[in-house]
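Peer 1: One structure follows; several queries about it will come next.
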Amino acid sequence: MKILLLYFTGTYNTKYLTTLLKNKFENNLNVVDIFEVKGESESIDLSSYDLIGLGYPIYAFNTPKIFYKYLKNLKLLANTHYFIYKQSGETIKLNNASSRKIKKLINKSKGILVNEQHYVMPYNIHFRYEDNCVKEILKYDEMLINIQLYEIRHNIHYVIKSNTIYNFISRVLSIYHFGAKINHSFYKIYMDKCNNCKKCLKECPTKNIYVNKKGQIDFGPNCEMCMRCSFICPNNAIKIGMLEGWKVNGPYNLNEIKNNPQISDSFITPNQKGFFKCYLKTYDYIQNKYNKYFL
C-alpha cells in the first residue's frame, strides 16, 4: 500500500507517534509519506494514497482548530480508507468525542473510516510526568500501534464510540478556541530570562509569534494553545497568560527515556488512585487486545 500520515503536532508527541507508525508500516513493505500540518501548509494531493492516517493531539476534548480547518479545506476523497490516531494525557471517555468533526468530514466525503485509536502521551501542561510513567506510556503506545496496524491489515473495523452527552460537552468546550484568542493578550516574554534565540518564533506551528515594531517578540491572535513555545523555551522565559500556574517547561526526551535501561517502565499500580486511575482500563484494553492478536 501507499500510505499518507497527515498530522498536526504541538509539543511533538503526535510527531513521535507518527514516526513510530511510519517505521512499523514500512517494515511491512508499505510506502509511507508523512505531512505535518502547520500555519502555512499548502494543500496536498490525496489521490495517490490507498490509506490515510489522521493524527492529532486532543485539546479540551476537541480536534485542534488548525488541523480541522486544514482537513475541511483539503476536501477528503470518496472511497478512500482513513484511520485516526489521536493522543492526550488522560484517558477519560470524554476524549471519545474529540474526533466527531473529523468523522463528519469523512462521512460527508463518502470516505471509509477503518480504524481509530486513542494513545496516551505525557502532558505538556498541568504537571510534569515522572520518567518511569513516561516510559510505561511509551511501552503501551508501541503495543497499541501494533494493534492498530494488525487491525488495519486484517480488515478488523474498530472505531471509538461517542454519545450525545460527550458530543455536547465537547462542543461546549470548543470555546477554548475563543479563549486562546483572549489569552494570547496575556502572553509575555520575561526579558531578564530571554536570550533572544527566537526558538519560539521559528517553531510556532501556527506562525503566531513575531517580532513587533519595537524589535520585541510578540504574540498574535492565532494561538492554538499547543504550549510548544513555553514548553521548548530553553530559559523558561515565556509567560502563558492565565495558564501560567499550569505551565510545564522543558521537553521530554522520549527516545532517551524509552531506551534508558536504568528507568523503570512500571508506574501504574493495580490499586491506582487519583488522576492516573483512568489509565487502568486503558492499559487493560491494550494488554487484552495485544494478547489476543500476538500471543
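Ordering of the C-alpha cells sets the chain letters (A, B, ...); residue numbers start at 1 within each chain; ligands are numbered from 1 in the order shown.
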Write out as a ChimeraX atom specification the residues lying within 10 Å of stretch 147-153 of chain A, counting only C-alpha atoms and excluding same-chain residues fewer than 3 positions away.
Peer 2: /A:21,24-25,28,51,81-85,114-117,141-144,156-158,286-287,289-294
Peer 1: Now that the selection is made, can you save its residues with N, CA and C atoms as a compact mmCIF listing (two decimals), in the first residue's frame?
Peer 2:
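File selection30.txt, as written:
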```txt
# COMPACT_ATOMS: atom_id res chain seq x y z
N LEU A 21 4.62 4.94 13.68
CA LEU A 21 3.70 4.36 12.70
C LEU A 21 4.38 4.19 11.35
N LYS A 24 6.75 1.23 11.46
CA LYS A 24 6.04 -0.05 11.53
C LYS A 24 5.42 -0.40 10.17
N PHE A 25 4.81 0.57 9.53
CA PHE A 25 4.22 0.33 8.22
C PHE A 25 5.30 -0.06 7.20
N ASN A 28 6.51 -3.54 6.88
CA ASN A 28 5.65 -4.45 6.14
C ASN A 28 5.64 -4.11 4.64
N LEU A 51 -4.32 4.51 1.75
CA LEU A 51 -4.70 4.62 3.15
C LEU A 51 -4.13 5.92 3.70
N HIS A 81 -9.67 4.96 2.18
CA HIS A 81 -9.65 4.46 3.55
C HIS A 81 -8.86 5.41 4.46
N TYR A 82 -9.43 5.70 5.62
CA TYR A 82 -8.80 6.58 6.60
C TYR A 82 -8.72 5.86 7.94
N PHE A 83 -7.73 6.25 8.73
CA PHE A 83 -7.71 5.84 10.13
C PHE A 83 -7.27 7.03 10.98
N ILE A 84 -7.68 7.03 12.24
CA ILE A 84 -7.40 8.13 13.15
C ILE A 84 -6.49 7.64 14.27
N TYR A 85 -5.45 8.40 14.56
CA TYR A 85 -4.65 8.16 15.75
C TYR A 85 -4.54 9.48 16.51
N VAL A 114 -11.69 3.21 8.75
CA VAL A 114 -11.49 1.79 9.04
C VAL A 114 -10.99 1.54 10.45
N ASN A 115 -10.39 2.54 11.10
CA ASN A 115 -9.85 2.29 12.42
C ASN A 115 -9.60 3.61 13.15
N GLU A 116 -9.69 3.54 14.48
CA GLU A 116 -9.42 4.70 15.32
C GLU A 116 -8.87 4.22 16.66
N GLN A 117 -7.79 4.85 17.11
CA GLN A 117 -7.22 4.51 18.41
C GLN A 117 -6.84 5.79 19.15
N ASP A 141 2.02 2.44 24.25
CA ASP A 141 1.76 3.06 22.95
C ASP A 141 2.28 2.19 21.81
N GLU A 142 3.46 1.61 21.99
CA GLU A 142 4.01 0.76 20.93
C GLU A 142 3.16 -0.49 20.75
N MET A 143 2.65 -1.02 21.85
CA MET A 143 1.73 -2.15 21.75
C MET A 143 0.46 -1.76 20.99
N LEU A 144 -0.05 -0.56 21.27
CA LEU A 144 -1.27 -0.10 20.62
C LEU A 144 -1.04 0.16 19.13
N ILE A 156 -10.02 -5.51 10.34
CA ILE A 156 -10.80 -5.53 11.57
C ILE A 156 -11.23 -4.09 11.86
N HIS A 157 -12.50 -3.82 11.68
CA HIS A 157 -13.02 -2.45 11.82
C HIS A 157 -13.15 -2.11 13.31
N TYR A 158 -12.53 -1.02 13.71
CA TYR A 158 -12.68 -0.56 15.09
C TYR A 158 -12.70 0.96 15.11
N ILE A 286 -5.47 -2.39 26.12
CA ILE A 286 -4.32 -2.62 25.24
C ILE A 286 -3.74 -4.01 25.46
N GLN A 287 -3.55 -4.39 26.72
CA GLN A 287 -2.95 -5.68 27.03
C GLN A 287 -3.81 -6.83 26.53
N LYS A 289 -6.06 -6.83 24.07
CA LYS A 289 -6.05 -6.91 22.61
C LYS A 289 -4.71 -7.42 22.10
N TYR A 290 -3.65 -6.99 22.74
CA TYR A 290 -2.32 -7.43 22.32
C TYR A 290 -2.18 -8.95 22.51
N ASN A 291 -2.66 -9.44 23.66
CA ASN A 291 -2.62 -10.88 23.92
C ASN A 291 -3.45 -11.64 22.88
N LYS A 292 -4.58 -11.10 22.51
CA LYS A 292 -5.48 -11.74 21.56
C LYS A 292 -4.83 -11.85 20.18
N TYR A 293 -4.14 -10.81 19.76
CA TYR A 293 -3.60 -10.78 18.41
C TYR A 293 -2.20 -11.40 18.27
N PHE A 294 -1.42 -11.31 19.34
CA PHE A 294 0.00 -11.64 19.19
C PHE A 294 0.51 -12.76 20.10
```
Peer 1: Which residues, written as a PyMOL selection string, have at least one atom at most 10 Å from stretch 40-49 of chain A, with only C-alpha atoms counted and residues fewer than 3 positions away on the same chain left out?
Peer 2: chain A and resi 1-4+6+31-33+35-37+52+70-71+73-78+80-81+205-207
Peer 1: Take the residues from that selection and put them in a file with N, CA and C atoms, as an mmCIF file, in the first residue's frame.
Peer 2:
```
data_model
loop_
_atom_site.group_PDB
_atom_site.id
_atom_site.type_symbol
_atom_site.label_atom_id
_atom_site.label_comp_id
_atom_site.auth_asym_id
_atom_site.auth_seq_id
_atom_site.Cartn_x
_atom_site.Cartn_y
_atom_site.Cartn_z
ATOM 1 N N MET A 1 0.827 -1.201 0.000
ATOM 2 C CA MET A 1 0.000 0.000 0.000
ATOM 3 C C MET A 1 0.866 1.259 0.000
ATOM 4 N N LYS A 2 0.295 2.318 -0.535
ATOM 5 C CA LYS A 2 0.904 3.633 -0.397
ATOM 6 C C LYS A 2 0.106 4.391 0.658
ATOM 7 N N ILE A 3 0.799 4.840 1.694
ATOM 8 C CA ILE A 3 0.139 5.383 2.889
ATOM 9 C C ILE A 3 0.603 6.803 3.140
ATOM 10 N N LEU A 4 -0.329 7.648 3.552
ATOM 11 C CA LEU A 4 -0.013 9.011 3.970
ATOM 12 C C LEU A 4 -0.370 9.170 5.441
ATOM 13 N N LEU A 6 -0.958 12.095 7.847
ATOM 14 C CA LEU A 6 -1.226 13.532 7.835
ATOM 15 C C LEU A 6 -1.523 13.946 9.271
ATOM 16 N N VAL A 31 4.826 1.806 1.322
ATOM 17 C CA VAL A 31 5.445 3.101 1.030
ATOM 18 C C VAL A 31 4.700 4.149 1.850
ATOM 19 N N VAL A 32 5.426 4.887 2.680
ATOM 20 C CA VAL A 32 4.778 5.806 3.625
ATOM 21 C C VAL A 32 5.327 7.221 3.465
ATOM 22 N N ASP A 33 4.431 8.178 3.278
ATOM 23 C CA ASP A 33 4.772 9.597 3.294
ATOM 24 C C ASP A 33 4.180 10.230 4.548
ATOM 25 N N PHE A 35 3.183 14.094 6.404
ATOM 26 C CA PHE A 35 2.957 15.512 6.120
ATOM 27 C C PHE A 35 2.458 16.179 7.391
ATOM 28 N N GLU A 36 3.217 17.154 7.870
ATOM 29 C CA GLU A 36 2.847 17.875 9.088
ATOM 30 C C GLU A 36 2.089 19.144 8.734
ATOM 31 N N VAL A 37 0.908 19.295 9.301
ATOM 32 C CA VAL A 37 0.100 20.489 9.080
ATOM 33 C C VAL A 37 0.627 21.618 9.957
ATOM 34 N N ILE A 52 -4.959 6.654 4.458
ATOM 35 C CA ILE A 52 -4.532 7.939 5.014
ATOM 36 C C ILE A 52 -4.780 7.951 6.515
ATOM 37 N N TYR A 70 -7.691 22.654 8.192
ATOM 38 C CA TYR A 70 -6.898 22.170 7.054
ATOM 39 C C TYR A 70 -7.622 21.018 6.357
ATOM 40 N N LEU A 71 -8.135 20.063 7.128
ATOM 41 C CA LEU A 71 -8.839 18.922 6.542
ATOM 42 C C LEU A 71 -10.105 19.369 5.814
ATOM 43 N N ASN A 73 -10.677 22.251 4.360
ATOM 44 C CA ASN A 73 -10.304 22.912 3.110
ATOM 45 C C ASN A 73 -9.710 21.934 2.102
ATOM 46 N N LEU A 74 -9.139 20.846 2.629
ATOM 47 C CA LEU A 74 -8.476 19.869 1.758
ATOM 48 C C LEU A 74 -9.479 19.077 0.917
ATOM 49 N N LYS A 75 -10.657 18.846 1.477
ATOM 50 C CA LYS A 75 -11.697 18.058 0.813
ATOM 51 C C LYS A 75 -11.240 16.600 0.664
ATOM 52 N N LEU A 76 -11.602 15.799 1.644
ATOM 53 C CA LEU A 76 -11.236 14.391 1.656
ATOM 54 C C LEU A 76 -11.912 13.650 0.502
ATOM 55 N N LEU A 77 -11.318 12.523 0.111
ATOM 56 C CA LEU A 77 -11.752 11.822 -1.098
ATOM 57 C C LEU A 77 -12.722 10.688 -0.796
ATOM 58 N N ALA A 78 -13.628 10.445 -1.707
ATOM 59 C CA ALA A 78 -14.562 9.326 -1.601
ATOM 60 C C ALA A 78 -13.834 8.007 -1.819
ATOM 61 N N THR A 80 -11.866 6.365 -0.199
ATOM 62 C CA THR A 80 -10.509 6.262 0.332
ATOM 63 C C THR A 80 -10.585 5.813 1.785
ATOM 64 N N HIS A 81 -9.673 4.962 2.179
ATOM 65 C CA HIS A 81 -9.654 4.460 3.553
ATOM 66 C C HIS A 81 -8.856 5.406 4.457
ATOM 67 N N PRO A 205 3.855 26.417 15.454
ATOM 68 C CA PRO A 205 3.213 25.731 14.326
ATOM 69 C C PRO A 205 2.128 26.556 13.639
ATOM 70 N N THR A 206 1.619 27.596 14.313
ATOM 71 C CA THR A 206 0.591 28.434 13.694
ATOM 72 C C THR A 206 1.156 29.758 13.179
ATOM 73 N N LYS A 207 2.491 29.916 13.273
ATOM 74 C CA LYS A 207 3.139 31.163 12.831
ATOM 75 C C LYS A 207 2.549 32.376 13.555
#
```
Peer 1: Can you tell me which residues surround A:Asn208 at a distance of at most 12 Å, considering only C-alpha atoms, apart from same-chain residues fewer than 6 positions away, and format the answer as a PyMOL selection string?
Peer 2: chain A and resi 38-40+66+180-181+184+187+200-202+217-226+228-229
Peer 1: Write a file of the just-selected residues containing N, CA and C atoms, as a compact mmCIF listing (two decimals), in the first residue's frame.
Peer 2:
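Contents of the output file selection_10.txt:
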```txt
# COMPACT_ATOMS: atom_id res chain seq x y z
N LYS A 38 0.91 22.75 9.32
CA LYS A 38 1.38 23.95 10.03
C LYS A 38 0.57 25.15 9.57
N GLY A 39 0.93 26.31 10.09
CA GLY A 39 0.17 27.51 9.80
C GLY A 39 0.14 27.91 8.35
N GLU A 40 1.17 27.54 7.59
CA GLU A 40 1.24 27.93 6.18
C GLU A 40 1.32 26.71 5.27
N ILE A 66 -6.59 24.28 13.90
CA ILE A 66 -5.75 24.35 12.70
C ILE A 66 -5.83 23.06 11.89
N ALA A 180 -8.38 31.01 23.49
CA ALA A 180 -7.00 31.17 23.04
C ALA A 180 -6.78 32.55 22.45
N LYS A 181 -7.80 33.06 21.77
CA LYS A 181 -7.68 34.40 21.18
C LYS A 181 -7.61 35.48 22.26
N HIS A 184 -4.01 35.06 24.43
CA HIS A 184 -2.76 35.49 23.79
C HIS A 184 -2.37 36.89 24.24
N TYR A 187 0.04 36.68 27.10
CA TYR A 187 1.36 36.08 26.91
C TYR A 187 2.41 37.20 26.97
N CYS A 200 11.11 30.09 19.88
CA CYS A 200 9.65 30.10 19.94
C CYS A 200 9.06 30.61 18.63
N LEU A 201 9.64 31.66 18.09
CA LEU A 201 9.17 32.25 16.84
C LEU A 201 9.35 31.27 15.68
N LYS A 202 10.51 30.64 15.61
CA LYS A 202 10.82 29.74 14.50
C LYS A 202 9.97 28.48 14.51
N ILE A 217 9.75 40.33 20.82
CA ILE A 217 8.94 39.16 20.48
C ILE A 217 7.52 39.38 20.99
N ASP A 218 6.53 39.14 20.12
CA ASP A 218 5.14 39.37 20.48
C ASP A 218 4.28 38.21 19.98
N PHE A 219 3.02 38.18 20.44
CA PHE A 219 2.13 37.06 20.17
C PHE A 219 0.85 37.56 19.50
N GLY A 220 0.44 36.90 18.42
CA GLY A 220 -0.76 37.26 17.69
C GLY A 220 -1.99 36.52 18.19
N PRO A 221 -3.13 36.69 17.52
CA PRO A 221 -4.40 36.10 17.96
C PRO A 221 -4.66 34.68 17.46
N ASN A 222 -3.73 34.10 16.71
CA ASN A 222 -3.97 32.77 16.12
C ASN A 222 -3.36 31.65 16.93
N CYS A 223 -3.27 31.84 18.22
CA CYS A 223 -2.69 30.83 19.11
C CYS A 223 -3.59 29.61 19.22
N GLU A 224 -3.00 28.43 19.14
CA GLU A 224 -3.72 27.17 19.31
C GLU A 224 -3.63 26.69 20.76
N MET A 225 -2.86 27.39 21.57
CA MET A 225 -2.55 27.00 22.95
C MET A 225 -1.98 25.57 23.00
N CYS A 226 -1.11 25.29 22.03
CA CYS A 226 -0.46 23.98 22.00
C CYS A 226 0.67 23.89 23.01
N ARG A 228 3.76 24.79 22.72
CA ARG A 228 5.09 24.48 22.23
C ARG A 228 6.10 25.56 22.62
N CYS A 229 5.71 26.82 22.50
CA CYS A 229 6.66 27.91 22.76
C CYS A 229 7.19 27.87 24.18
```
Peer 1: So that I can see what lies close to A:Ile169, please list as a PDB file with C-alpha atoms, in the first residue's frame the residues with an atom at most 9 Å from it, counting only C-alpha atoms and leaving out residues fewer than 5 positions away in the same chain.
Peer 2:
```pdb
ATOM      1  CA  PHE A  61     -11.648  17.253  24.195  1.00  0.00           C
ATOM      2  CA  LEU A  94     -14.997  12.431  27.058  1.00  0.00           C
ATOM      3  CA  ALA A  97     -15.946  12.949  21.176  1.00  0.00           C
ATOM      4  CA  THR A 164     -24.846  12.614  22.692  1.00  0.00           C
ATOM      5  CA  SER A 174     -14.665  24.052  21.934  1.00  0.00           C
TER       6      SER A 174
END
```
Peer 1: Please report the interatomic distance between atom CA of A:Met191 and atom CA of A:Gly179 in Å with one decimal.
Peer 2: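 Those two atoms sit 25.3 Å apart.
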Peer 1: Run DSSP on the backbone and grab whatever in stretch 63-220 of chain A lands in strand (DSSP E); send it over as a list in words.
Peer 2: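 Of stretch 63-220 of chain A, only His81, Tyr82, Phe83, Ile84, Tyr85, Lys86, Gln87, Ser88, Ile112, Leu113, Val114, Asn115, Glu116, Gln117, His118, Tyr119, Val120, Tyr187, Lys188, Ile189, Ile209, Tyr210, Val211, Ile217, Asp218 and Phe219 of chain A fall in strand (DSSP E).
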Peer 1: Near A:Ile189, counting only C-alpha atoms, which residues have an atom at most 12 Å away, once you skip same-chain residues fewer than 3 positions from it, shown as a list in words?
Peer 2: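 Within the cut-off, the hits are His184, Ser185, Phe186, Asp192, Lys193, Cys194, Asn195, Asn196, Lys198, Cys200, Leu201, Ile209, Val211, Gln216, Ile217, Asp218, Phe219, Cys229, Ser230, Cys233, Asn235, Asn236, Ala237, Ile238, Lys239, Ile240 and Gly241 of chain A.
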Peer 1: For C-alpha atoms, I'd like the residues from the last selection saved as a PDB file, in the first residue's frame.
Peer 2:
```
ATOM      1  CA  HIS A 184      -2.765  35.487  23.792  1.00  0.00           C
ATOM      2  CA  SER A 185      -3.060  39.065  25.058  1.00  0.00           C
ATOM      3  CA  PHE A 186      -1.619  37.929  28.376  1.00  0.00           C
ATOM      4  CA  ASP A 192      15.544  39.053  32.114  1.00  0.00           C
ATOM      5  CA  LYS A 193      15.420  35.379  31.094  1.00  0.00           C
ATOM      6  CA  CYS A 194      15.134  35.589  27.301  1.00  0.00           C
ATOM      7  CA  ASN A 195      18.390  35.031  25.366  1.00  0.00           C
ATOM      8  CA  ASN A 196      16.758  36.151  22.081  1.00  0.00           C
ATOM      9  CA  LYS A 198      13.869  33.145  18.754  1.00  0.00           C
ATOM     10  CA  CYS A 200       9.650  30.102  19.942  1.00  0.00           C
ATOM     11  CA  LEU A 201       9.169  32.251  16.840  1.00  0.00           C
ATOM     12  CA  ILE A 209       4.833  34.636  17.148  1.00  0.00           C
ATOM     13  CA  VAL A 211       8.947  40.481  16.186  1.00  0.00           C
ATOM     14  CA  GLN A 216      10.410  42.657  20.719  1.00  0.00           C
ATOM     15  CA  ILE A 217       8.940  39.159  20.478  1.00  0.00           C
ATOM     16  CA  ASP A 218       5.139  39.372  20.476  1.00  0.00           C
ATOM     17  CA  PHE A 219       2.131  37.059  20.166  1.00  0.00           C
ATOM     18  CA  CYS A 229       6.658  27.907  22.757  1.00  0.00           C
ATOM     19  CA  SER A 230       6.715  27.767  26.553  1.00  0.00           C
ATOM     20  CA  CYS A 233      11.919  27.611  25.670  1.00  0.00           C
ATOM     21  CA  ASN A 235      15.306  29.604  29.598  1.00  0.00           C
ATOM     22  CA  ASN A 236      11.660  29.257  30.678  1.00  0.00           C
ATOM     23  CA  ALA A 237      11.192  32.860  29.558  1.00  0.00           C
ATOM     24  CA  ILE A 238       7.582  32.762  28.313  1.00  0.00           C
ATOM     25  CA  LYS A 239       4.560  33.536  30.448  1.00  0.00           C
ATOM     26  CA  ILE A 240       1.465  31.757  29.096  1.00  0.00           C
ATOM     27  CA  GLY A 241      -1.129  34.189  30.368  1.00  0.00           C
TER      28      GLY A 241
END
```
Peer 1: Which is closest to A:Ile268 among A:Ile182, A:Leu280, A:Val134, A:Met242, if we use only C-alpha atoms?
Peer 2: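 Residue with the minimum atom-to-atom distance to A:Ile268: A:Leu280.
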Peer 1: Among stretch 62-173 of chain A, which ones does DSSP assign to helix (DSSP H, G or I) (computed from the backbone)? Answer as number ranges by chain.
Peer 2: A: 65-74, 93-108, 131-153, 164-173
Peer 1: Work out how far apart atom CA of A:Lys199 and atom CA of A:Ser88 are and give it in Å to one decimal.
Peer 2: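 That distance, rounded to one decimal, is 24.5 Å.
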Peer 1: Can you work out the spacing between atom CA of A:Ile106 and atom CA of A:Ile58 in Å, to one decimal?
Peer 2: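 We find that atom CA of A:Ile106 and atom CA of A:Ile58 lie 18.3 Å from each other.
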Peer 1: Give me the residues within 10 Å of A:Phe276 as a list in words, counting only C-alpha atoms and dropping any in the same chain fewer than 4 places off.
Peer 2: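 These residues fall inside the cut-off: Gly89, Glu90, Thr91, Cys133, Phe267, Ile268, Thr269, Gln272 and Leu280 of chain A.
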Peer 1: Take the residues from that selection and write them out as a PDB file, in the first residue's frame, keeping C-alpha atoms.
Peer 2:
```pdb
ATOM      1  CA  GLY A  89      -2.618  12.943  28.636  1.00  0.00           C
ATOM      2  CA  GLU A  90      -5.697  11.337  30.135  1.00  0.00           C
ATOM      3  CA  THR A  91      -7.981   8.507  29.037  1.00  0.00           C
ATOM      4  CA  CYS A 133       5.463   6.982  33.972  1.00  0.00           C
ATOM      5  CA  PHE A 267       4.362   3.223  37.331  1.00  0.00           C
ATOM      6  CA  ILE A 268       0.633   2.424  37.435  1.00  0.00           C
ATOM      7  CA  THR A 269      -0.327   0.012  40.236  1.00  0.00           C
ATOM      8  CA  GLN A 272      -4.047   3.108  41.437  1.00  0.00           C
ATOM      9  CA  LEU A 280      -6.020   1.114  34.417  1.00  0.00           C
TER      10      LEU A 280
END
```
Peer 1: Pick out the residues sitting within 12 Å of A:Arg128, and hand them over as a PDB file with C-alpha atoms, in the first residue's frame; count only C-alpha atoms, and ignore anything fewer than 5 positions along from it in its own chain.
Peer 2:
```pdb
ATOM      1  CA  GLY A  89      -2.618  12.943  28.636  1.00  0.00           C
ATOM      2  CA  MET A 121       1.184  10.688  25.895  1.00  0.00           C
ATOM      3  CA  PRO A 122       2.667  12.806  28.709  1.00  0.00           C
ATOM      4  CA  TYR A 123       1.103  16.169  29.483  1.00  0.00           C
ATOM      5  CA  CYS A 133       5.463   6.982  33.972  1.00  0.00           C
ATOM      6  CA  VAL A 134       6.534   8.234  30.538  1.00  0.00           C
ATOM      7  CA  PHE A 231       7.432  24.035  26.590  1.00  0.00           C
ATOM      8  CA  TRP A 246      -0.119  25.073  34.865  1.00  0.00           C
ATOM      9  CA  LYS A 247       2.992  25.621  32.764  1.00  0.00           C
ATOM     10  CA  VAL A 248       5.391  22.739  32.131  1.00  0.00           C
ATOM     11  CA  ASN A 249       8.776  23.793  30.782  1.00  0.00           C
ATOM     12  CA  GLY A 250      11.362  21.501  29.212  1.00  0.00           C
ATOM     13  CA  PRO A 251      10.600  18.831  26.589  1.00  0.00           C
ATOM     14  CA  TYR A 252      10.559  15.118  27.359  1.00  0.00           C
TER      15      TYR A 252
END
```
